[in-house]
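Asks: My structure is below; once you've seen it, I'll send some questions.
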Amino acid sequence: MIQAMPALSAARNNLRQLTTIRYIALGSLGLALTALGPALPRGSKLLLLAAMLGVFTVLNALARGRTRRPPPISEAEFFGHLLLDIAGLSCLLYFSGGATNPLISYYLVPVSIAAATLGRKLSWAVAALAFACYSLLLVFYQPIPALVPTAHHGGLNLHVLGMWANFAVSAALIGYFLFSMAETLRHQQHQIAQQREEQLRDEQLLSVATLAAGAAHELGTPLNTMKLLVEDALAGPAGHRALAEGDLAVLDRQLDRCRETLKKLVRAASVPEHAQTAQPVRQYLLALLDAWRVIRPQTLATLKLDPNCPDSAAIFHPAIESALHNLLDNAADASPRITVEADWTQAILTIRIRDFGPGIGPEQRQHLGQPGRSEKPHGLGLGLFLSHSTIGRHGGAVELRNAEGGGTLTRITLPLTTPRP
């Protein structure tokens, strides 16, 4: 099985870029510390700031190495790295002028990164924490005379308050608009991925349809020949007919099914959808199960229709009947007894097919509905794939899950197309 390389994941790439930004910020802080060196009091404060820069550089190197290790990087871990940035910046600013330090605006960097990469709650948590640290640094800090704005009249300077208010507004705008844009982009990427999967499925379905058209042409003549041979055998001597009547009758029904399938294929290709006639939903379901019981007489199928459903009529594409027959066949192959329940409104039909077989195993679930994969000894792996594709193309959905008490529950939802007035 092909697996994606860890370094290509979004969270891993985001952390790699964050460490690059940190290196740039640490370099800028180092230059600022060098420039402010003459203005700082000699001794413990200068050495403490230099030591803190060294510690953060080592931590960033460790974070860079984390991007090369195989365990996946979760959203919570990336959130923790942003909290570490805010904590480290707060410590540096506390010893270097607090809110009077121009580097206080760096708080906007983790706020912006969180808004672009994290969910709504975590991104607002980063913004709130950055704003709280900024607010605390207005009061609690060790001043540096060279950074104190001029025209200071005691208390908080208007310049510092203006910087604080500007940060609050900027953080709120970034957190709102940047997150909205990132969320829109993620939604568009998700839609593109879904469209790509649908396009691939349609291409597979088109190739199957092309082969089906050729098979319909090739199967017509041998089916007619076998039908004639079976009819001649049934009409033969009484002794010979009595010995083979049971098997020949089954074979005759199977041939009728093949011929009817070919006729439906031709009708589906030749009759436009707008020209199809509406059928009562209840009558359609009864006729569908009666036709299937003729094909699978050895299976005990119980049909339960909700009596409270409306007496509405809908247009059913011929391909839907084949898709439902495939799902019924899958259930019958799993157990000799199945139950079918159905209810509907004016807009949607819901069918639940329950078998009492072994259920869906973990290995089956991974490849469920993929063409070319079948758990049956002589299966081609197309039935479930075609059923999913056919019902999906008509706006419906097929869901398979393990039923309570054992077996598999197949749930089909299908929008009802009502005739136009």
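Labeling convention for the structure tokens: chains A, B, ... as they appear, residues from 1 per chain, ligands from 1 in order of appearance.
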As a list of chain:residue names, list the residues of segment 284-341 of chain A assigned to alpha helix (DSSP H) by DSSP on the backbone atoms of this structure.
Replies: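 These are the residues in question: A:Tyr284, A:Leu285, A:Leu286, A:Ala287, A:Leu288, A:Leu289, A:Asp290, A:Ala291, A:Trp292, A:Arg293, A:Val294, A:Ile295, A:Pro318, A:Ala319, A:Ile320, A:Glu321, A:Ser322, A:Ala323, A:Leu324, A:His325, A:Asn326, A:Leu327, A:Leu328, A:Asp329, A:Asn330, A:Ala331, A:Ala332, A:Asp333, A:Ala334.
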Asks: Excluding same-chain residues fewer than 6 positions from segment 13-16 of chain A, what lies within 8 Å of it counting only C-alpha atoms, as a ChimeraX atom specification?
Replies: /A:7,63-64,67,78,117
Asks: Since we have the selection now, will you write its residues out, keeping C-alpha atoms, as a PDB file, in the first residue's frame?
Replies:
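Saved file result.pdb follows:
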```
ATOM      1  CA  ALA A   7       6.958  15.653   5.341  1.00  0.00           C
ATOM      2  CA  ALA A  63      11.103  21.794  16.549  1.00  0.00           C
ATOM      3  CA  ARG A  64      12.732  21.764  13.101  1.00  0.00           C
ATOM      4  CA  THR A  67       9.259  17.897  11.258  1.00  0.00           C
ATOM      5  CA  PHE A  78       0.884  22.948  16.342  1.00  0.00           C
ATOM      6  CA  THR A 117      -3.996  27.069   9.862  1.00  0.00           C
TER       7      THR A 117
END
```
Asks: Which one is closest to Pro310 of chain A: A:Ile338, A:Ala287, A:Ala347, A:Leu103? Count only C-alpha atoms.
Replies: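 Among the listed residues, A:Ala347 lies closest to Pro310 of chain A.
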Asks: I need the residue nearest Gly97 of chain A from this list: A:His81, A:Arg69, A:Lys45, A:Arg352. Use only C-alpha atoms for the distance.
Replies: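 The closest residue to Gly97 of chain A is A:Lys45.
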Asks: Pick out the residues sitting within 12 Å of Gly27 of chain A, and hand them over as an MDAnalysis selection string; count only C-alpha atoms, and ignore anything fewer than 4 positions along from it in its own chain.
Replies: chainID A and resid 20:23 31:34 50 53:54 56:57
Asks: By how many Å are atom CA of Ala99 of chain A and atom CA of Tyr134 of chain A apart?
Replies: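 Distance between the two atoms: 6.7 Å.
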Asks: Near Tyr141 of chain A, counting only C-alpha atoms, which residues have an atom at most 8 Å away, once you skip same-chain residues fewer than 5 positions from it, shown as a PyMOL selection string?
Replies: chain A and resi 93-99
Asks: Identify, on the basis of only C-alpha atoms, every residue whose closest approach to Leu129 of chain A does not exceed 12 Å; exclude the query and any residue fewer than 2 positions from it along the same chain; express the result as an MDAnalysis selection string.
Replies: chainID A and resid 79 82:87 90 107:108 110:111 114 122:127 131:136 168 171
Asks: Keeping N, CA and C atoms for every residue in the selection just given, could you write it to a file as a CSV table (one decimal), in the first residue's frame?
Replies:
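Below you can see selection.csv, which holds the result:
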```
chain,number,residue,atom,x,y,z
A,79,PHE,N,-0.8,24.0,17.8
A,79,PHE,CA,-1.3,25.0,18.7
A,79,PHE,C,-0.3,25.3,19.8
A,82,LEU,N,2.6,27.5,18.8
A,82,LEU,CA,2.2,28.9,18.8
A,82,LEU,C,2.1,29.5,20.2
A,83,LEU,N,1.6,28.7,21.1
A,83,LEU,CA,1.6,29.2,22.5
A,83,LEU,C,3.1,29.4,23.0
A,84,LEU,N,4.0,28.5,22.6
A,84,LEU,CA,5.4,28.7,23.0
A,84,LEU,C,6.0,29.9,22.4
A,85,ASP,N,5.6,30.3,21.2
A,85,ASP,CA,6.0,31.6,20.6
A,85,ASP,C,5.6,32.8,21.4
A,86,ILE,N,4.3,32.7,21.8
A,86,ILE,CA,3.7,33.9,22.6
A,86,ILE,C,4.4,34.0,23.9
A,87,ALA,N,4.6,32.8,24.6
A,87,ALA,CA,5.3,32.8,25.9
A,87,ALA,C,6.7,33.3,25.8
A,90,SER,N,6.8,37.0,25.1
A,90,SER,CA,6.4,37.8,26.3
A,90,SER,C,7.6,37.9,27.3
A,107,TYR,N,3.5,40.0,18.0
A,107,TYR,CA,2.4,39.2,18.4
A,107,TYR,C,1.4,38.9,17.3
A,108,LEU,N,1.4,39.8,16.3
A,108,LEU,CA,0.4,39.6,15.2
A,108,LEU,C,0.8,38.3,14.3
A,110,PRO,N,2.0,35.1,15.3
A,110,PRO,CA,1.3,33.9,15.6
A,110,PRO,C,-0.2,34.0,15.5
A,111,VAL,N,-0.8,35.2,15.7
A,111,VAL,CA,-2.2,35.4,15.5
A,111,VAL,C,-2.6,35.1,14.0
A,114,ALA,N,-2.2,31.3,13.2
A,114,ALA,CA,-3.3,30.5,13.8
A,114,ALA,C,-4.5,30.7,13.0
A,122,LEU,N,-9.4,27.4,18.3
A,122,LEU,CA,-8.0,27.5,18.6
A,122,LEU,C,-7.4,28.9,18.1
A,123,SER,N,-7.8,29.3,17.0
A,123,SER,CA,-7.3,30.6,16.4
A,123,SER,C,-7.7,31.7,17.3
A,124,TRP,N,-8.9,31.7,17.8
A,124,TRP,CA,-9.4,32.8,18.7
A,124,TRP,C,-8.7,32.7,20.0
A,125,ALA,N,-8.4,31.5,20.4
A,125,ALA,CA,-7.6,31.3,21.7
A,125,ALA,C,-6.2,31.9,21.6
A,126,VAL,N,-5.6,31.7,20.5
A,126,VAL,CA,-4.2,32.4,20.3
A,126,VAL,C,-4.4,33.9,20.3
A,127,ALA,N,-5.4,34.4,19.6
A,127,ALA,CA,-5.5,35.9,19.5
A,127,ALA,C,-5.8,36.4,20.9
A,131,PHE,N,-3.4,39.0,23.0
A,131,PHE,CA,-4.0,40.3,23.5
A,131,PHE,C,-3.8,40.4,25.0
A,132,ALA,N,-4.0,39.3,25.7
A,132,ALA,CA,-3.8,39.4,27.2
A,132,ALA,C,-2.4,39.6,27.6
A,133,CYS,N,-1.4,39.0,26.9
A,133,CYS,CA,0.0,39.2,27.2
A,133,CYS,C,0.4,40.7,26.9
A,134,TYR,N,-0.1,41.2,25.7
A,134,TYR,CA,0.2,42.6,25.4
A,134,TYR,C,-0.4,43.5,26.5
A,135,SER,N,-1.6,43.2,27.0
A,135,SER,CA,-2.2,44.1,28.0
A,135,SER,C,-1.4,44.0,29.3
A,136,LEU,N,-0.9,42.9,29.7
A,136,LEU,CA,-0.1,42.8,30.9
A,136,LEU,C,1.2,43.5,30.7
A,168,ALA,N,-5.1,45.6,19.2
A,168,ALA,CA,-6.4,44.9,19.4
A,168,ALA,C,-7.2,44.8,18.2
A,171,ALA,N,-5.5,42.5,15.5
A,171,ALA,CA,-5.7,41.1,15.8
A,171,ALA,C,-7.1,40.6,15.6
```
Asks: Compile the contact shell of Asn308 of chain A as a PyMOL selection string: residues with an atom at most 10 Å away, counting only C-alpha atoms, same-chain residues fewer than 2 positions apart removed.
Replies: chain A and resi 305-306+310-311+343-345
Asks: Can I get the selection written as an mmCIF file, in the first residue's frame, with N, CA and C atoms?
Replies:
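Saved result, selection.cif, follows:
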```cif
data_model
loop_
_atom_site.group_PDB
_atom_site.id
_atom_site.type_symbol
_atom_site.label_atom_id
_atom_site.label_comp_id
_atom_site.auth_asym_id
_atom_site.auth_seq_id
_atom_site.Cartn_x
_atom_site.Cartn_y
_atom_site.Cartn_z
ATOM 1 N N LEU A 305 -43.678 -2.343 4.101
ATOM 2 C CA LEU A 305 -43.861 -0.980 3.627
ATOM 3 C C LEU A 305 -44.648 -0.191 4.675
ATOM 4 N N ASP A 306 -44.196 1.007 4.951
ATOM 5 C CA ASP A 306 -44.862 1.844 5.945
ATOM 6 C C ASP A 306 -46.255 2.225 5.440
ATOM 7 N N PRO A 310 -47.408 8.401 1.857
ATOM 8 C CA PRO A 310 -48.408 8.926 0.911
ATOM 9 C C PRO A 310 -48.496 8.063 -0.353
ATOM 10 N N ASP A 311 -49.646 8.118 -1.002
ATOM 11 C CA ASP A 311 -49.843 7.406 -2.268
ATOM 12 C C ASP A 311 -49.335 8.281 -3.415
ATOM 13 N N ASP A 343 -39.866 3.294 3.444
ATOM 14 C CA ASP A 343 -40.795 4.387 3.729
ATOM 15 C C ASP A 343 -40.401 5.566 2.854
ATOM 16 N N TRP A 344 -41.327 6.450 2.613
ATOM 17 C CA TRP A 344 -41.066 7.549 1.694
ATOM 18 C C TRP A 344 -41.962 8.732 2.024
ATOM 19 N N THR A 345 -41.503 9.890 1.555
ATOM 20 C CA THR A 345 -42.293 11.112 1.600
ATOM 21 C C THR A 345 -42.527 11.546 0.153
#
```
Asks: Leaving out Thr418 of chain A and any residue of its chain fewer than 3 positions from it, which residues lie within 8 Å of it when counting only C-alpha atoms, given as JSON, numbers by chain?
Replies: {"A": [278, 313, 314, 315]}
Asks: Got time to write the residues from that selection, C-alpha atoms, as a compact mmCIF listing (two decimals), in the first residue's frame?
Replies:
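Written output follows (again.txt):
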```txt
# COMPACT_ATOMS: atom_id res chain seq x y z
CA ALA A 278 -44.42 7.86 -13.42
CA ALA A 313 -46.05 8.52 -7.89
CA ALA A 314 -42.49 9.06 -9.15
CA ILE A 315 -40.34 8.45 -12.20
```
